[in-house]
Each structure stands twice: as C-alpha cells, then as structure tokens.
Amino acid sequence: MPRAAISVRAIAWAFALQCSAAVAWAATPAENFPRMANGKPDLSGHWSNPYTPDMAAQGKVLDPATRQPLQLSRAPLPDAKASAAGNAPRSLDLPYTEWGLRQWKSYDPVNDGDYAGSCLPFGMSRNINSPHGVQFVQNPTSIAMLFEQNTWFHWVPTAGQKWPADMPPSWNGVSTGHWDGDVLVVETTGFDGYTRLDTAGHPHSRQMKLTNTFRRIDARTLEHTVIVHDPKTYTRDWANVRTWKLKPASDVVMEYSCEENNLGNLFSGAIKPWKPPENEDEE
Amino acid sequence: MKNKTLLLGVLLAGSLAGAGGALAHHSTAAEFDSSKPITFTGTVQKVMWMNPHIYTHIEVKQADGGSFVYHVEGGPPNSLFRQGWRKDTLKIGTVVTVSGWRAKNADSPNVGQATITAADGKKLFNGDGPSKAAE
C-alpha cells in the first residue's frame with residue numbers, strides 16, 4: 001500500500017474516533033471527579049471558598065426555589081449603626097421581620113463588643129464565609145470541615161447518626177448531612193444566637209436552620225448553596241449560590257491562631273471584648 | 001538577581017491582588033482613624049509574624065535624638081505565605097517609608113492601612129492590600 005494511502009486512511013480513522021468521542025461526551029458528560037466506595041461523590045480536598053463578608057450584597061440574595069434575585073427595598077436606614085464591614089451604610093437589604101430589623105440596625109461590635117475580634121467562634125455561616133480555605137475530609141459515614149479560619153473544625157455525620165437530643169446550644173450549631181442524589185445536604189441547627197451570619201453583621205436567631213449544599217461539578221469545582229431559614233429574623237427564606245475551587249496540592253491548610261495578636265488588642269482596648277447578652281431571650 | 005526581581009514582583013502582585021477586599025474582623029474603622037494620616041521613614045526593627053495580621057516594627061529617629069517604634073499592620077500571615085512572603089523577606093535594617101493611619105488611641109504605636117515603600121520606590125505592602133483579606 002502506498003505510504004500516502006496509509007496516511008490518508010490513518011487520518012480519516014483518527015478523525016472518526018475523535019468525532020465519536022465528541023458525540024459520546026455530548027450525550028453523557030464524562031465524570032472527572034472521584035467517588036467514595038459507597039458511590040457518593042468524594043468532596044475531599046482543600047477548597048477555596050469565596051470570601052463573603054456581606055451575604056446581602058446586590059444581586060446575591062436569591063429565592064431558594066428559583067435561584068432568581070429577590071426584590072428587596074434596599075431603602076437606607078439612617079438610624080442604624082455604622083457599617084461593621086466598611087462598606088455602604090445599612091439598608092433594608094434582606095426581608096427582615098421587626099425583630100430581625102432591630103438586630104440589624106443595632107449591631108455595633110466596635111462599641112458593644114466584638115465576638116469575632118475576641119476570637120470566639122464565628123458560627124457555621126461566617127466560618128464558611130471566611131477568606132481562608134476549608135479542607136474537607138470525607139468517609140462513607142461523615143464529612144469533616146477543617147476551617148483554616150482560627151483552626152476550627154465542624155463534623156457532619158452523613159449516614160443517619162443521631163446527635164444527643166439534649167445537646168446544648170452552641171456557637172456553630174450541630175449539623176447532620178444526607179445525600180440528595182449527588183448533592184450533599186448539610187442542615188445545621190442548635191445555635192446559641194451569639195453569632196452573625198457574616199462580617200457585615202446580618203442577624204440570625206437561635207431558631208435558624210442553615211442548609212448548605214455541596215455539589216461537585218468537576219475535578220476542581222464545587223457548587224455551594226446556603227439557605228437561611230429563620231422565621232424569627234426573616235419573613236421568608238433566602239439563599240446565596242457560590243462556586244468553590246479546589247486549591248493546588250501545594251496549598252495546604254495551615255494553623256491560624258487569632259489570639260496571637262488580638263489578645264494584645266483586647267488588653268489595650270483596641271478591640272472591645274464580647275460579653276454574653278444580659279437578656280438571652282432577646283437574642 | 002533575577003530571582004530577587006521575580007520575588008519582589010510576586011510580592012507586589014500579591015499585595016495588589018488583595019486590594020479592595022473587605023475589612024478584618026477587628027474592624028479597621030474601630031482601631032484606626034482615617035483623619036490621622038501619617039507618613040514616615042524608618043528602619044525595619046522586627047517582623048511580628050502573627051495572626052490575624054503581621055506587624056512590622058519600624059524605628060524612626062526623632063529630632064531630640066531619641067527614637068519611636070511604630071507597629072505597622074500587614075496582612076494575615078497565611079495569605080502572605082501563599083503570596084510568597086516569608087517572615088524574613090523584609091530584612092531587619094531595611095529602610096522603608098510608610099504611609100498609613102494612626103490608631104484612634106493616641107498612645108498606640110499602631111499604624112493601619114499601610115503602604116510600605118522600599119528605598120528604591122517599590123511598594124511592598126500597598127495601602128489596604130493583604131490586611132484587608134484577614135478575617
């Protein structure tokens with residue numbers, strides 16, 4: 001067979017293979033992320049979670065069902081305290097109840113005590129919103145979230161294990177996870193109400209149920225959603241949707257000790273220490 | 001030499017990349033006063049590589065022959081590490097110029113929102129750069 005004929009046939013064969021591969025990919029996208037032995041997506045890894053100091057930023061507050069932005073008044077609140085996150089003055093940026101609005105307008109960590117500056121637990125929401133990474137460690141019955149922020153951890157059972165019914169309220173709450181198909185659903189309750197949702201200081205009550213979902217889209221990407229259900233604070237549920245990226249293997253989770261410098265700032269008065277509220281029922 | 005230039009470029013890019021982020025949890029507004037800007041030139045005395053922010057101690061000679069040591073707030077060490085900074089990147093004895101805000105507490109030596117500029121004009125920390133990303 002002449003050499004030219006071989007080449008033409010080889011090229012045609014390679015082209016046909018490529019086309020069939022492309023068709024196959026279009027029909028059933030190739031999955032390029034790992035799974036656990038039980039078939040569930042393996043979310044293990046050190047993830048870069050987008051820093052979210054303001055969950056109510058323009059366009060970010062979504063209807064959990066439709067994922068469309070909620071129509072919010074965003075009217076200014078001239079009688080509210082100064083912004084705690086250094087951005088625009090506070091406004092009607094979430095669907096507050098009367099109680100929730102009171103909490104939103106009065107939050108003043110500079111003068112009333114800063115729980116985060118005091119290195120106390122940020123709470124599940126603000127941990128996830130922090131600018132530092134989160135390492136997921138997963139096995140078939142649980143997933144652990146290792147937050148670089150202040151070297152905190154959060155353990156989530158995913159196989160029906162039960163927490164004691166009389167667990168005391170806590171800063172981060174307690175979570176249970178389950179799988180909805182390939183989506184990990186983490187529901188967190190049992191909050192002590194001392195925390196805020198984010199750096200800006202958006203409020204929540206002890207009644208809040210926070211639902212975080214994690215869906216691995218590809219080898220390097222997670223879709224993260226968070227739904228805030230808190231009828232004491234908000235007249236309706238609302239959500240954020242975010243994209244997480246897997247960090248390179250060289251980027252390892254590191255120790256983070258908030259107290260190293262903040263102790264001095266607390267002693268000097270630069271940061272006002274947090275104190276528990278006198279009337280917990282109001283929290 | 002080539003490596004040094006590259007490193008400085010990485011550091012500068014890293015600090016600029018952090019600009020525009022949000023405030024630290026110990027609010028900059030709480031500790032520092034934007035109406036008290038300050039600029040001074042001094043010598044790096046010590047780098048306190050600590051969370052949630054590093055502090056660079058910079059000694060400034062005073063007219064009376066004495067000296068004053070400012071504590072200049074920088075970014076979170078883990079973020080700086082990932083950007084290529086190390087505790088000894090900014091050498092002791094380096095002469096730098098700092099622009100920033102004094103603390104609200106008049107007795108405090110702390111300076112925030114700082115830009116640190118090396119003698120050759122290169123910016124090491126840029127204004128509200130990496131420190132803004134701390135939480």
# chains A, B, ... in the order shown; residues from 1 in each chain; ligands from 1

$ residues_around --residues "region 53-61 of chain B" --least-positions-apart "6" --cutoff "10 Å" --atoms "only C-alpha atoms" --output "PyMOL selection string"
(chain A and resi 258+260-262) or (chain B and resi 24+40-47+67-80+87+90+92-98+109-112+116+130-135)

$ residues_around --residues "Trp101 (chain B)" --least-positions-apart "5" --cutoff "10 Å" --atoms "only C-alpha atoms" --output "list of chain:residue names"
B:Thr28, B:Glu31, B:Phe32, B:Asp33, B:Ser34, B:Ser35, B:Lys36, B:Pro37, B:Ile38, B:Thr39, B:Val72, B:Asn110, B:Val111, B:Gly112, B:Gln113, B:Ala114, B:Thr115, B:Gly127

$ write_last_selection --atoms "C-alpha atoms" --output "mmCIF file, in the first residue's frame"
data_model
loop_
_atom_site.group_PDB
_atom_site.id
_atom_site.type_symbol
_atom_site.label_atom_id
_atom_site.label_comp_id
_atom_site.auth_asym_id
_atom_site.auth_seq_id
_atom_site.Cartn_x
_atom_site.Cartn_y
_atom_site.Cartn_z
ATOM 1 C CA THR B 28 -10.054 48.825 60.721
ATOM 2 C CA GLU B 31 -8.829 50.754 65.502
ATOM 3 C CA PHE B 32 -7.554 53.307 63.017
ATOM 4 C CA ASP B 33 -8.522 56.899 62.288
ATOM 5 C CA SER B 34 -8.703 57.964 58.652
ATOM 6 C CA SER B 35 -8.405 61.564 59.773
ATOM 7 C CA LYS B 36 -4.959 60.856 61.210
ATOM 8 C CA PRO B 37 -2.823 60.018 58.165
ATOM 9 C CA ILE B 38 0.868 59.640 58.789
ATOM 10 C CA THR B 39 3.957 59.219 56.627
ATOM 11 C CA VAL B 72 2.661 48.711 61.135
ATOM 12 C CA ASN B 110 -0.092 51.003 65.677
ATOM 13 C CA VAL B 111 -0.448 52.142 62.065
ATOM 14 C CA GLY B 112 -3.064 50.631 59.775
ATOM 15 C CA GLN B 113 -3.993 50.793 56.105
ATOM 16 C CA ALA B 114 -0.287 50.977 55.491
ATOM 17 C CA THR B 115 1.699 51.262 52.322
ATOM 18 C CA GLY B 127 -2.443 50.525 51.308
#

$ residues_around --residues "Pro273 (chain A)" --least-positions-apart "2" --cutoff "10 Å" --atoms "only C-alpha atoms" --output "PDB file with N, CA and C atoms, in the first residue's frame"
ATOM      1  N   PRO A 109     -20.269  46.120  66.865  1.00  0.00           N
ATOM      2  CA  PRO A 109     -19.180  45.390  67.541  1.00  0.00           C
ATOM      3  C   PRO A 109     -18.078  46.312  68.058  1.00  0.00           C
ATOM      4  N   VAL A 110     -17.938  47.465  67.454  1.00  0.00           N
ATOM      5  CA  VAL A 110     -16.871  48.371  67.888  1.00  0.00           C
ATOM      6  C   VAL A 110     -17.123  48.849  69.316  1.00  0.00           C
ATOM      7  N   ASN A 111     -18.358  49.187  69.604  1.00  0.00           N
ATOM      8  CA  ASN A 111     -18.654  49.768  70.916  1.00  0.00           C
ATOM      9  C   ASN A 111     -19.303  48.788  71.898  1.00  0.00           C
ATOM     10  N   ASP A 112     -19.963  47.765  71.359  1.00  0.00           N
ATOM     11  CA  ASP A 112     -20.687  46.850  72.247  1.00  0.00           C
ATOM     12  C   ASP A 112     -19.934  45.552  72.512  1.00  0.00           C
ATOM     13  N   GLY A 113     -18.819  45.348  71.817  1.00  0.00           N
ATOM     14  CA  GLY A 113     -18.065  44.098  71.984  1.00  0.00           C
ATOM     15  C   GLY A 113     -18.060  43.297  70.705  1.00  0.00           C
ATOM     16  N   ASP A 114     -16.880  42.848  70.322  1.00  0.00           N
ATOM     17  CA  ASP A 114     -16.687  42.183  69.035  1.00  0.00           C
ATOM     18  C   ASP A 114     -16.374  40.708  69.284  1.00  0.00           C
ATOM     19  N   TYR A 115     -17.358  39.849  69.022  1.00  0.00           N
ATOM     20  CA  TYR A 115     -17.131  38.431  69.322  1.00  0.00           C
ATOM     21  C   TYR A 115     -16.068  37.834  68.406  1.00  0.00           C
ATOM     22  N   ALA A 116     -16.023  38.283  67.161  1.00  0.00           N
ATOM     23  CA  ALA A 116     -15.021  37.743  66.229  1.00  0.00           C
ATOM     24  C   ALA A 116     -13.633  38.269  66.580  1.00  0.00           C
ATOM     25  N   GLY A 117     -13.566  39.553  66.902  1.00  0.00           N
ATOM     26  CA  GLY A 117     -12.289  40.129  67.335  1.00  0.00           C
ATOM     27  C   GLY A 117     -11.814  39.508  68.637  1.00  0.00           C
ATOM     28  N   SER A 118     -12.757  39.012  69.426  1.00  0.00           N
ATOM     29  CA  SER A 118     -12.413  38.326  70.669  1.00  0.00           C
ATOM     30  C   SER A 118     -12.013  36.877  70.417  1.00  0.00           C
ATOM     31  N   CYS A 119     -11.964  36.485  69.146  1.00  0.00           N
ATOM     32  CA  CYS A 119     -11.539  35.147  68.724  1.00  0.00           C
ATOM     33  C   CYS A 119     -12.507  34.057  69.174  1.00  0.00           C
ATOM     34  N   LEU A 120     -13.739  34.444  69.464  1.00  0.00           N
ATOM     35  CA  LEU A 120     -14.757  33.445  69.775  1.00  0.00           C
ATOM     36  C   LEU A 120     -15.274  32.845  68.470  1.00  0.00           C
ATOM     37  N   LEU A 263      -5.076  39.198  71.370  1.00  0.00           N
ATOM     38  CA  LEU A 263      -5.032  39.313  72.827  1.00  0.00           C
ATOM     39  C   LEU A 263      -4.520  40.698  73.216  1.00  0.00           C
ATOM     40  N   ASN A 265      -4.600  43.402  71.443  1.00  0.00           N
ATOM     41  CA  ASN A 265      -5.586  44.420  71.073  1.00  0.00           C
ATOM     42  C   ASN A 265      -6.770  44.431  72.039  1.00  0.00           C
ATOM     43  N   LEU A 266      -7.092  43.250  72.580  1.00  0.00           N
ATOM     44  CA  LEU A 266      -8.170  43.194  73.571  1.00  0.00           C
ATOM     45  C   LEU A 266      -7.712  43.838  74.887  1.00  0.00           C
ATOM     46  N   PHE A 267      -6.483  43.550  75.273  1.00  0.00           N
ATOM     47  CA  PHE A 267      -5.980  44.136  76.527  1.00  0.00           C
ATOM     48  C   PHE A 267      -5.823  45.649  76.399  1.00  0.00           C
ATOM     49  N   GLY A 269      -7.563  47.602  74.537  1.00  0.00           N
ATOM     50  CA  GLY A 269      -8.837  48.271  74.297  1.00  0.00           C
ATOM     51  C   GLY A 269      -9.102  48.565  72.834  1.00  0.00           C
ATOM     52  N   ALA A 270      -8.155  48.242  71.952  1.00  0.00           N
ATOM     53  CA  ALA A 270      -8.370  48.469  70.524  1.00  0.00           C
ATOM     54  C   ALA A 270      -9.544  47.640  70.016  1.00  0.00           C
ATOM     55  N   ILE A 271      -9.722  46.451  70.610  1.00  0.00           N
ATOM     56  CA  ILE A 271     -10.902  45.632  70.331  1.00  0.00           C
ATOM     57  C   ILE A 271     -11.677  45.515  71.635  1.00  0.00           C
ATOM     58  N   LYS A 275     -19.224  40.270  75.424  1.00  0.00           N
ATOM     59  CA  LYS A 275     -19.810  39.722  76.645  1.00  0.00           C
ATOM     60  C   LYS A 275     -21.141  39.084  76.288  1.00  0.00           C
TER      61      LYS A 275
END

$ residues_around --residues "Trp155 (chain A)" --least-positions-apart "6" --cutoff "7 Å" --atoms "only C-alpha atoms" --output "ChimeraX atom specification"
/A:143-145

$ select_by_dssp --residues "region 73-134 of chain B" --states "strand (DSSP E)" --output "list in words"
Glu73, Val95, Val96, Thr97, Val98, Ser99, Gly100, Trp101, Arg102, Ala103, Asn110, Val111, Gly112, Gln113, Ala114, Thr115, Ile116, Thr117, Ala118, Lys123, Leu124 and Phe125 of chain B
